[in-house]
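*Asks:* Before I ask anything, here is the structure I am working with.
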Amino acid sequence: MDEGALVLDVTDSRVRAFQVVHRPPDPGSPPAPETPRLIRPGRVIRPSTAPAAGPGEPLVVSSLGGAPLIAVGGLMKNISVDSARRAALSAGATVACRYALDDGRHRHDRAADLSARSIDALLLAGGVDEGLLDQGGGRQIARMAQDLASALPPPRGRPGAPLPVIFAGSEEVRRDLHRVFASRVEAGQARLSFAANVRPDMVRENHGETRASLLAVFAENPRHLVPSARSLPAGYLLWSAALLLSGREALDHVLVDLGRDAIEIHSVRGGVINRTVFDNLGRSEGSRPLLDDVRGAELAEWLPAGAGVSRCSDIAGRRLLGPSGAAASWSELLVDHALLRCRLARALADHRGAAIELYGLQRQRVGEVFQYVSGCGGESLIRKSAFDHLHLTGEELEGFATPLQAVAAAVDVMDLGGVTLLSVDTGNLLRPLMAAASEGHPEAEGAVERLFRPVAARVSPVAVGAFDRRDGRPVAHVRLVSTSAPPVEASVRYGRLDILTACPDRPADLAVTPAGRVDLGAGPGRAVRRHLEDGVDYLILDGRPAPPRRPRRPAPARALALWTAAGAYDNYPGDEIVWKA
Amino acid sequence: MEGLTALAVSRPFPAGSELSVRVGDRVRPDTVVAVDKGLTRRRVIKLETDTEGVVGKVIKNVGDECLPGEPVGFIEHLMGLGYREYVSPVAGVVESFDRVSGFMVIRELPRPIQALLPGIVTEISDDHAVIVESEAVVFKGEAGAGEPSGGRLEAAEHAAPPFSPAPGRILGVPGPVDYTFLTGALRAGYAGVVCGGASRENLLRLSDHLFGLTRAELGARLYLDASGQAARTGPHDEVIFAVVCLGGYGERSMEPGTWRHLKDLHGRPAYLDGRMCLRGERIYPLAAVTVGNDD
């Protein structure tokens with residue numbers, strides 16, 4: 001990629017343009033990488049030492065119209081279909097629907113479902129390349145393909161164009177697939193291509209060629225075409241970012257992209273990544289449009305007591321429909337934050353469900369070794385122990401006055417325990433930086449690794465014995481030590497939430513000692529230590545019992561009151577936060 | 001006339017439908033543009049099976065017609081003390097039955113697809129839709145619910161339930177409406193309501209209530225004679241009732257100028273589409289009142 005090249009970050013609500021520049025090193029001093037500058041409308045900002053070369057080919061990062069929507073079909077839902085689904089997710093796509101011979105549906109139901117869908121491509125898989133098809137197993141794949149071929153919809157937004165169909169299954173049945181789709185191809189309703197088997201045998205997955213095929217489908221979609229530019233789906237870049245961030249620290253982490261129209265969650269554990277997409281418009285599998293699904297009662301859980309259910313539902317409806325922009329009143333602001341918590345809670349529940357599916361699959365295969373051991377991530381999520389790090393990025397961050405408020409939203413819906421570092425991409429630069437990194441920009445990868453500001457370290461017990469479950473009882477002792485600041489010591493108290501100012505921008509060591517047999521993620525009674533190389537702005541001592549084990553959820557007023565008391569909303573006007581009628 | 005625009009409405013039909021119109025044909029609101037043969041509307045019932053096939057007795061054979069709720073098979077067990085029945089979920093014809101797997105496929109009865117507004121057929125599109133164009137005054141909604149419907153506009157400033165029977169009409173009121181108002185209009189046979197505003201919770205509640213309900217079932221629930229609510233659908237067709245809120249969610253009213261405009265169009269054929277999301281894309285509800293001479 002040329003230095004000074006243009007990166008366009010496109011969402012449904014806006015286009016941002018960036019110019020990635022690099023400051024040449026002074027002789028005798030190490031290079032100082034320049035972070036990308038935001039281009040203001042009508043003006044290009046260049047540092048005075050910018051290289052003479054002008055902008056090269058632009059690169060487009062797009063989530064316009066949501067992620068690429070893919071329908072996935074195969075033989076067995078927990079084998080070929082699941083592998084194909086993961087391959088699609090790794091390409092930044094959203095899986096709109098899945099079809100398998102063992103999905104419990106009749107062939108007519110599958111065909112009717114597919115014909116009513118609005119998708120960008122169909123991905124088929126099936127058949128292990130071990131000669132098993134010699135006994136006629138290929139007929140099943142051909143039959144599934146026949147059912148789906150009879151109901152092919154046109155590609156989304158392009159009636160009359162052929163639907164891309166990618167077969168990433170056994171090579172032995174490619175001839176059969178040619179035959180099945182021949183009439184459709186001839187009629188201009190389908191464009192058939194092949195990729196390497198996503199599941200060549202029972203213990204291996206192979207996503208590379210399928211991913212490349214899906215990226216190519218995305219790039220040629222007129223919706224994303226920009227003259228002389230290369231387009232990449234935002235989800236693919238976020239997936240790459242999640243792997244990049246995990247590689248540097250070798251810690252398990254979660255990357256959450258809080259988009260206006262969709263929330264993407266990438267969890268990485270042991271180098272293995274899970275990705276899920278929760279879409280506002282119900283485009284992802286099994287979801288409904290948020291406008292039709294989120295009711296006032298659910299929203300009211302995150303709002304002060306006395307908030308009229310009907311009224312907050314109306315405000316939520318208007319905010320979901322209206323153009324994006326800052327809230328114009330306290331009511332809108334609180335509903336915005338409540339809506340984000342609802343969405344994030346659902347997205348996390350989705351992610352856990354997907355991970356549990358994978359974990360269940362792993363448990364069925366006791367004794368076998370998976371090369372692609374995605375069940376590991378599921379195990380962590382199921383045990384609800386901490387991921388070491390949670391990264392927040394995305395458009396919705398701009399709706400918060402401070403990074404701490406964004407962290408507050410994540411902490412409210414997380415029911416993970418242990419010690420978690422919460423970092424925020426305060427400038428929402430991850431997508432354009434990853435685009436530059438994907439094109440080989442020399443400094444972009446390093447910039448991504450330094451992008452997230454460590455805002456808070458959250459300490460919360462994973463499990464608390466019955467004896468310790470008394471309001472205010474200390475369940476853990478926390479000590480934060482930095483060489484250039486006095487140590488911070490405090491206790492995590494059951495049922496309470498405290499926020500302490502910590503050691504911003506200075507390396508620090510965090511030691512958490514549980515009381516008695518309290519589990520902080522390392523096992524009952526075991527202390528946890530973390531070295532925070534970049535320091536942290538706040539310590540969040542969260543002793544609130546995690547859902548769903550709460551016997552009764554705290555009253556909404558109390559939940560919000562805990563945050564206002566903890567100072568999370570200090571940057572707002574000095575008026576007390578009340579629900580204004 | 002102020003606000004007049006050429007409105008193109010898409011009337012989709014599933015694959016396998018029989019077209020009844022051609023490009024250039026003039027249509028009325030009740031003109032059938034296509035007949036959905038039911039080839040994509042199949043319901044599958046899974047009867048209980050054992051190693052030897054279906055358990056119990058199957059009443060309906062391939063080719064037999066059945067009504068919603070009509071038994072298609074039953075099982076007696078525990079020497080007659082236990083009884084389990086399988087019923088058809090829809091009005092249709094038994095298309096196939098597999099004794100080994102227990103799958104019985106019922107194809108729904110043909111369903112006419114009407115134009116819903118007067119105009120001219122300008123296109124039969126590649127994605128299976130008849131495009132009807134008409135000159136109309138279009139009012140863009142900010143919120144809504146319900147599938148497209150049509151009827152003659154009845155602009156009534158002070159309308160309130162209980163309503164007189166008004167099958168096949170669209171009720172227009174300038175102010176906000178509540179759940180009682182909407183169900184009252186539904187009970188009276190209105191095909192839809194265009195109003196100032198409605199609470200989102202009420203619209204969601206109405207959608208939940210009407211989801212998948214046929215007119216016969218609605219009539220049974222509201223203690224009405226379903227045949228009297230014919231409008232443009234049959235008793236076994238789903239209830240269609242659209243709501244378009246020009247002011248949006250909440251206690252909103254139309255702009256006075258908008259209401260005056262709507263009142264001037266009283267008695268004209270109207271088309272309502274209350275959908276907010278179509279195939280994963282955001283759309284805005286709309287109310288359109290046609291003004292051509294061909295209604």
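How things are named: the first chain in the structure tokens is A, the next is B, and so on; residues count from 1 in each chain; ligands count from 1 in the order shown.
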Wanna dump the chain B-chain A contacts at 8 Å for me, each residue with its shortest atom pair and the distance in Å to one decimal, counting only C-alpha atoms, ordered by chain and number, as JSON lines?

*Replies:*
{"residue": "B:Thr40", "atom": "CA", "partner": "A:Ala112", "partner_atom": "CA", "distance": 5.5}
{"residue": "B:Arg41", "atom": "CA", "partner": "A:Ala112", "partner_atom": "CA", "distance": 7.3}
{"residue": "B:Arg42", "atom": "CA", "partner": "A:His108", "partner_atom": "CA", "distance": 6.8}
{"residue": "B:Arg43", "atom": "CA", "partner": "A:Asp109", "partner_atom": "CA", "distance": 7.7}
{"residue": "B:Val44", "atom": "CA", "partner": "A:His106", "partner_atom": "CA", "distance": 7.0}
{"residue": "B:Asp126", "atom": "CA", "partner": "A:Gly160", "partner_atom": "CA", "distance": 5.6}
{"residue": "B:Asp127", "atom": "CA", "partner": "A:Pro159", "partner_atom": "CA", "distance": 5.6}
{"residue": "B:Ser199", "atom": "CA", "partner": "A:Asp314", "partner_atom": "CA", "distance": 6.2}
{"residue": "B:Arg200", "atom": "CA", "partner": "A:Asp314", "partner_atom": "CA", "distance": 5.4}
{"residue": "B:Glu201", "atom": "CA", "partner": "A:Ser310", "partner_atom": "CA", "distance": 6.1}
{"residue": "B:Leu204", "atom": "CA", "partner": "A:Asp292", "partner_atom": "CA", "distance": 6.7}
{"residue": "B:Gly248", "atom": "CA", "partner": "A:Arg318", "partner_atom": "CA", "distance": 7.5}
{"residue": "B:Tyr249", "atom": "CA", "partner": "A:Asp314", "partner_atom": "CA", "distance": 5.3}
{"residue": "B:Gly250", "atom": "CA", "partner": "A:Asp314", "partner_atom": "CA", "distance": 5.7}
{"residue": "B:Cys277", "atom": "CA", "partner": "A:Leu281", "partner_atom": "CA", "distance": 7.3}
{"residue": "B:Arg279", "atom": "CA", "partner": "A:Ser118", "partner_atom": "CA", "distance": 5.7}
{"residue": "B:Gly280", "atom": "CA", "partner": "A:Arg283", "partner_atom": "CA", "distance": 5.4}
{"residue": "B:Glu281", "atom": "CA", "partner": "A:Leu281", "partner_atom": "CA", "distance": 7.1}
{"residue": "B:Arg282", "atom": "CA", "partner": "A:Leu281", "partner_atom": "CA", "distance": 7.5}

*Asks:* Based on the selection just made, write all heavy atoms of those residues as a compact mmCIF listing (two decimals), in the first residue's frame.

*Replies:*
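Saved result, result27.txt, follows:
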# COMPACT_ATOMS: atom_id res chain seq x y z
N THR B 40 -45.35 -23.08 -2.85
CA THR B 40 -44.34 -22.73 -1.84
C THR B 40 -44.97 -22.62 -0.46
O THR B 40 -44.32 -22.19 0.49
CB THR B 40 -43.66 -21.38 -2.18
OG1 THR B 40 -44.66 -20.37 -2.26
CG2 THR B 40 -42.92 -21.48 -3.49
N ARG B 41 -46.25 -22.97 -0.37
CA ARG B 41 -46.91 -22.90 0.94
C ARG B 41 -47.35 -24.30 1.33
O ARG B 41 -48.49 -24.68 1.15
CB ARG B 41 -48.10 -21.94 0.89
CG ARG B 41 -47.70 -20.47 0.81
CD ARG B 41 -48.89 -19.53 0.82
NE ARG B 41 -49.74 -19.71 -0.34
CZ ARG B 41 -51.01 -20.08 -0.28
NH1 ARG B 41 -51.58 -20.34 0.88
NH2 ARG B 41 -51.71 -20.22 -1.39
N ARG B 42 -46.42 -25.03 1.79
CA ARG B 42 -46.71 -26.38 2.23
C ARG B 42 -46.47 -26.47 3.73
O ARG B 42 -45.53 -25.89 4.25
CB ARG B 42 -45.81 -27.39 1.52
CG ARG B 42 -46.08 -27.53 0.03
CD ARG B 42 -45.14 -28.56 -0.56
NE ARG B 42 -45.48 -28.89 -1.92
CZ ARG B 42 -44.94 -28.32 -2.99
NH1 ARG B 42 -44.05 -27.37 -2.84
NH2 ARG B 42 -45.30 -28.70 -4.21
N ARG B 43 -47.32 -27.21 4.38
CA ARG B 43 -47.13 -27.45 5.81
C ARG B 43 -46.88 -28.94 5.98
O ARG B 43 -47.50 -29.76 5.30
CB ARG B 43 -48.38 -27.06 6.61
CG ARG B 43 -48.78 -25.62 6.43
CD ARG B 43 -47.74 -24.65 6.96
NE ARG B 43 -48.27 -23.30 6.94
CZ ARG B 43 -48.80 -22.70 8.02
NH1 ARG B 43 -48.83 -23.33 9.18
NH2 ARG B 43 -49.28 -21.49 7.91
N VAL B 44 -46.00 -29.23 6.88
CA VAL B 44 -45.62 -30.63 7.07
C VAL B 44 -46.01 -31.04 8.48
O VAL B 44 -45.68 -30.36 9.45
CB VAL B 44 -44.10 -30.82 6.87
CG1 VAL B 44 -43.72 -32.28 7.06
CG2 VAL B 44 -43.70 -30.36 5.48
N ASP B 126 -38.41 -9.51 -12.50
CA ASP B 126 -37.67 -10.78 -12.45
C ASP B 126 -37.78 -11.47 -11.10
O ASP B 126 -37.62 -12.69 -11.01
CB ASP B 126 -36.18 -10.52 -12.74
CG ASP B 126 -35.96 -10.20 -14.21
OD1 ASP B 126 -36.81 -10.60 -15.03
OD2 ASP B 126 -34.97 -9.53 -14.52
N ASP B 127 -37.96 -10.69 -10.05
CA ASP B 127 -38.06 -11.33 -8.73
C ASP B 127 -39.51 -11.60 -8.36
O ASP B 127 -39.89 -11.50 -7.20
CB ASP B 127 -37.35 -10.49 -7.66
CG ASP B 127 -37.92 -9.09 -7.56
OD1 ASP B 127 -38.71 -8.71 -8.45
OD2 ASP B 127 -37.58 -8.39 -6.60
N SER B 199 -48.79 4.04 20.22
CA SER B 199 -47.70 3.57 21.07
C SER B 199 -47.06 2.33 20.46
O SER B 199 -47.74 1.47 19.90
CB SER B 199 -48.27 3.27 22.46
OG SER B 199 -47.81 2.06 22.93
N ARG B 200 -45.78 2.25 20.52
CA ARG B 200 -45.05 1.11 19.97
C ARG B 200 -45.48 -0.18 20.65
O ARG B 200 -45.62 -1.23 19.99
CB ARG B 200 -43.55 1.32 20.14
CG ARG B 200 -42.71 0.22 19.60
CD ARG B 200 -41.25 0.62 19.53
NE ARG B 200 -40.43 -0.57 19.29
CZ ARG B 200 -39.81 -1.27 20.21
NH1 ARG B 200 -39.86 -0.88 21.48
NH2 ARG B 200 -39.12 -2.35 19.92
N GLU B 201 -45.71 -0.13 21.93
CA GLU B 201 -46.14 -1.34 22.64
C GLU B 201 -47.49 -1.82 22.10
O GLU B 201 -47.70 -3.02 21.94
CB GLU B 201 -46.24 -1.06 24.14
CG GLU B 201 -44.88 -0.83 24.80
CD GLU B 201 -44.01 -2.07 24.78
OE1 GLU B 201 -44.41 -3.10 25.34
OE2 GLU B 201 -42.91 -2.00 24.19
N LEU B 204 -46.95 -3.45 18.68
CA LEU B 204 -46.34 -4.78 18.82
C LEU B 204 -47.37 -5.78 19.34
O LEU B 204 -47.43 -6.94 18.89
CB LEU B 204 -45.15 -4.72 19.78
CG LEU B 204 -43.92 -3.97 19.27
CD1 LEU B 204 -42.87 -3.85 20.37
CD2 LEU B 204 -43.33 -4.65 18.05
N GLY B 248 -45.58 9.12 13.95
CA GLY B 248 -44.59 8.28 14.60
C GLY B 248 -45.12 7.65 15.87
O GLY B 248 -46.32 7.66 16.15
N TYR B 249 -44.20 7.11 16.66
CA TYR B 249 -44.59 6.44 17.90
C TYR B 249 -45.00 7.48 18.94
O TYR B 249 -44.38 8.53 19.07
CB TYR B 249 -43.41 5.64 18.46
CG TYR B 249 -43.04 4.43 17.64
CD1 TYR B 249 -41.78 4.31 17.10
CD2 TYR B 249 -43.96 3.40 17.44
CE1 TYR B 249 -41.42 3.19 16.36
CE2 TYR B 249 -43.61 2.28 16.70
CZ TYR B 249 -42.35 2.17 16.16
OH TYR B 249 -42.01 1.08 15.43
N GLY B 250 -46.03 7.13 19.71
CA GLY B 250 -46.40 7.97 20.83
C GLY B 250 -47.67 8.76 20.57
O GLY B 250 -48.38 8.56 19.58
N CYS B 277 -39.71 -3.14 7.99
CA CYS B 277 -38.51 -3.87 7.60
C CYS B 277 -38.91 -4.89 6.55
O CYS B 277 -39.91 -5.59 6.72
CB CYS B 277 -37.92 -4.57 8.82
SG CYS B 277 -36.38 -5.41 8.51
N ARG B 279 -37.18 -7.86 4.16
CA ARG B 279 -36.02 -8.64 3.73
C ARG B 279 -34.72 -8.04 4.24
O ARG B 279 -33.75 -7.91 3.50
CB ARG B 279 -35.99 -8.75 2.20
CG ARG B 279 -37.11 -9.58 1.65
CD ARG B 279 -36.96 -9.76 0.16
NE ARG B 279 -37.54 -11.03 -0.24
CZ ARG B 279 -37.18 -11.74 -1.27
NH1 ARG B 279 -36.21 -11.32 -2.03
NH2 ARG B 279 -37.76 -12.87 -1.58
N GLY B 280 -34.72 -7.66 5.50
CA GLY B 280 -33.50 -7.17 6.10
C GLY B 280 -33.15 -5.73 5.77
O GLY B 280 -32.07 -5.27 6.13
N GLU B 281 -34.02 -5.03 5.08
CA GLU B 281 -33.76 -3.62 4.77
C GLU B 281 -34.81 -2.76 5.48
O GLU B 281 -35.98 -3.13 5.55
CB GLU B 281 -33.86 -3.37 3.25
CG GLU B 281 -32.98 -4.27 2.41
CD GLU B 281 -31.51 -3.90 2.51
OE1 GLU B 281 -31.19 -2.78 2.95
OE2 GLU B 281 -30.67 -4.74 2.18
N ARG B 282 -34.39 -1.62 5.94
CA ARG B 282 -35.32 -0.71 6.60
C ARG B 282 -36.17 -0.03 5.54
O ARG B 282 -35.65 0.49 4.55
CB ARG B 282 -34.54 0.33 7.38
CG ARG B 282 -35.40 1.35 8.06
CD ARG B 282 -35.47 1.18 9.56
NE ARG B 282 -34.18 1.31 10.17
CZ ARG B 282 -33.72 0.47 11.11
NH1 ARG B 282 -34.44 -0.54 11.49
NH2 ARG B 282 -32.53 0.65 11.63

*Asks:* Identify all residues of segment 80-239 of chain A in alpha helix (DSSP H) (DSSP on the backbone) and supply them as a ChimeraX atom specification.

*Replies:* /A:80-90,107-115,138-149,174-186,208-219,234-239

*Asks:* Restricting the output to C-alpha atoms, write the selected residues as a short mmCIF file (atom, residue, chain, number, x, y, z; two decimals), in the first residue's frame.

*Replies:*
data_model
loop_
_atom_site.label_atom_id
_atom_site.label_comp_id
_atom_site.auth_asym_id
_atom_site.auth_seq_id
_atom_site.Cartn_x
_atom_site.Cartn_y
_atom_site.Cartn_z
CA SER A 80 -20.13 -29.87 7.46
CA VAL A 81 -22.69 -27.12 8.04
CA ASP A 82 -20.95 -25.94 11.17
CA SER A 83 -17.56 -25.89 9.45
CA ALA A 84 -19.00 -23.93 6.55
CA ARG A 85 -20.62 -21.53 8.98
CA ARG A 86 -17.31 -20.85 10.71
CA ALA A 87 -15.63 -20.31 7.36
CA ALA A 88 -18.31 -17.77 6.43
CA LEU A 89 -17.96 -15.99 9.75
CA SER A 90 -14.19 -15.80 9.32
CA ARG A 107 -37.24 -30.39 2.12
CA HIS A 108 -40.20 -28.21 1.19
CA ASP A 109 -39.68 -26.12 4.31
CA ARG A 110 -36.04 -25.59 3.44
CA ALA A 111 -36.85 -24.61 -0.13
CA ALA A 112 -39.62 -22.23 0.96
CA ASP A 113 -37.33 -20.68 3.56
CA LEU A 114 -34.50 -20.13 1.07
CA SER A 115 -36.74 -18.66 -1.60
CA GLY A 138 -22.72 -38.26 -2.74
CA ARG A 139 -26.40 -38.66 -3.54
CA GLN A 140 -27.30 -36.97 -0.27
CA ILE A 141 -25.25 -33.92 -1.07
CA ALA A 142 -26.70 -33.78 -4.56
CA ARG A 143 -30.19 -34.10 -3.14
CA MET A 144 -29.67 -31.27 -0.68
CA ALA A 145 -28.22 -29.18 -3.47
CA GLN A 146 -31.19 -30.03 -5.69
CA ASP A 147 -33.66 -28.91 -3.02
CA LEU A 148 -31.87 -25.62 -2.62
CA ALA A 149 -31.20 -25.11 -6.33
CA ARG A 174 -18.26 -31.69 -7.88
CA ARG A 175 -19.48 -33.36 -11.05
CA ASP A 176 -22.86 -33.97 -9.44
CA LEU A 177 -23.07 -30.34 -8.39
CA HIS A 178 -22.35 -29.21 -11.93
CA ARG A 179 -25.25 -31.33 -13.08
CA VAL A 180 -27.62 -30.08 -10.36
CA PHE A 181 -26.97 -26.42 -11.05
CA ALA A 182 -26.57 -26.68 -14.82
CA SER A 183 -30.04 -25.43 -15.67
CA ARG A 184 -29.78 -22.59 -13.18
CA VAL A 185 -26.42 -21.51 -14.50
CA GLU A 186 -27.67 -21.64 -18.03
CA GLY A 208 -8.74 -20.47 3.54
CA GLU A 209 -10.13 -20.97 0.04
CA THR A 210 -13.72 -20.57 1.14
CA ARG A 211 -12.85 -17.35 2.86
CA ALA A 212 -11.09 -16.07 -0.25
CA SER A 213 -14.10 -16.98 -2.40
CA LEU A 214 -16.47 -15.13 -0.10
CA LEU A 215 -14.21 -12.07 -0.01
CA ALA A 216 -14.21 -12.09 -3.79
CA VAL A 217 -18.02 -12.25 -3.82
CA PHE A 218 -18.10 -9.29 -1.49
CA ALA A 219 -15.64 -7.27 -3.52
CA ALA A 234 -15.51 -4.85 8.08
CA GLY A 235 -16.18 -8.15 9.86
CA TYR A 236 -13.20 -9.79 8.20
CA LEU A 237 -10.92 -6.98 9.35
CA LEU A 238 -12.28 -7.16 12.88
CA TRP A 239 -11.67 -10.90 12.89
#

*Asks:* Skip segment 2-7 of chain B itself and residues of its chain fewer than 3 positions away, then list as a PyMOL selection string all residues within 10 Å of it, counting only C-alpha atoms.

*Replies:* chain B and resi 10+119+131-139+261+288-291

*Asks:* With distances taken over only C-alpha atoms, which of A:Val95, A:Ala229, A:Ala328, A:Leu430 is nearest to Arg450 of chain A?

*Replies:*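 Of all the options, A:Leu430 lies closest to Arg450 of chain A.
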
*Asks:* Need to verify the contact set: segment 191-196 of chain B, 8 Å, only C-alpha atoms, exclusion of same-chain residues closer than 6 positions in sequence. Can you return it as a PyMOL selection string?

*Replies:* chain B and resi 149-151+167-177+182+185+231+240-248+251-254+272+287

*Asks:* What lies within 7 Å of Pro164 of chain A using only C-alpha atoms, ignoring chain neighbours under 5 positions off, as a PyMOL selection string?

*Replies:* chain A and resi 121-122+190-192

*Asks:* Pick out each residue of segment 12-224 of chain B that DSSP on the backbone tags as strand (DSSP E or B); I need them as number ranges by chain.

*Replies:* B: 12, 18-19, 26-27, 32-36, 42-46, 49-50, 53-54, 57-58, 65-66, 71-77, 82-87, 92-97, 103-108, 111-114, 119-125, 129-140, 143-145, 149-155, 169-172, 176-177, 192-198, 214

*Asks:* Do you know which residues are at most 12 Å from Pro12 of chain B counting only C-alpha atoms, after dropping those on the same chain fewer than 6 positions away, and could you put them as a ChimeraX atom specification?

*Replies:* /A:116 /B:19,33-36,112-115,123-132,148

*Asks:* Env of segment 433-435 of chain A: 8 Å cut, atoms = only C-alpha atoms, seq-sep filter 3 positions within chain, self excluded. Answer as a list in words.

*Replies:* Val7, Pro36, Leu59, Val60, Val61, Leu232, Leu237, Leu238, Ser240, Ala241, Leu429, Leu430, Ser438, Glu439, Ala444, Glu445, Ala447 and Val448 of chain A

*Asks:* In Å, how far is it from atom CA of Val277 of chain A to atom CA of Ala347 of chain A?

*Replies:*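 Pair atom CA of Val277 of chain A / atom CA of Ala347 of chain A returns 7.2 Å.
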
*Asks:* For each of B:Pro162, B:Gly92, B:Gly146, B:Gly141, take the minimum atom-to-atom distance to Leu109 of chain B, counting only C-alpha atoms, then give the residue where this is smallest.

*Replies:*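 The closest residue to Leu109 of chain B is B:Gly92.
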
*Asks:* So, with only C-alpha atoms as the atoms that count, which of B:Val72, B:Ala198, B:Val94, B:Val100 lies closest to Glu52 of chain B?

*Replies:*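 The answer is B:Val100, which sits nearest to Glu52 of chain B.
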
*Asks:* Could you check which of A:Ala338, A:Ala67, A:Ala511, A:Val459 is closest to Arg496 of chain A, using only C-alpha atoms?

*Replies:*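 The closest residue to Arg496 of chain A is A:Val459.
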
*Asks:* Interatomic distance between atom CA of Ala8 of chain B and atom CA of Tyr271 of chain B?

*Replies:*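 Between atom CA of Ala8 of chain B and atom CA of Tyr271 of chain B the gap works out to 11.3 Å.
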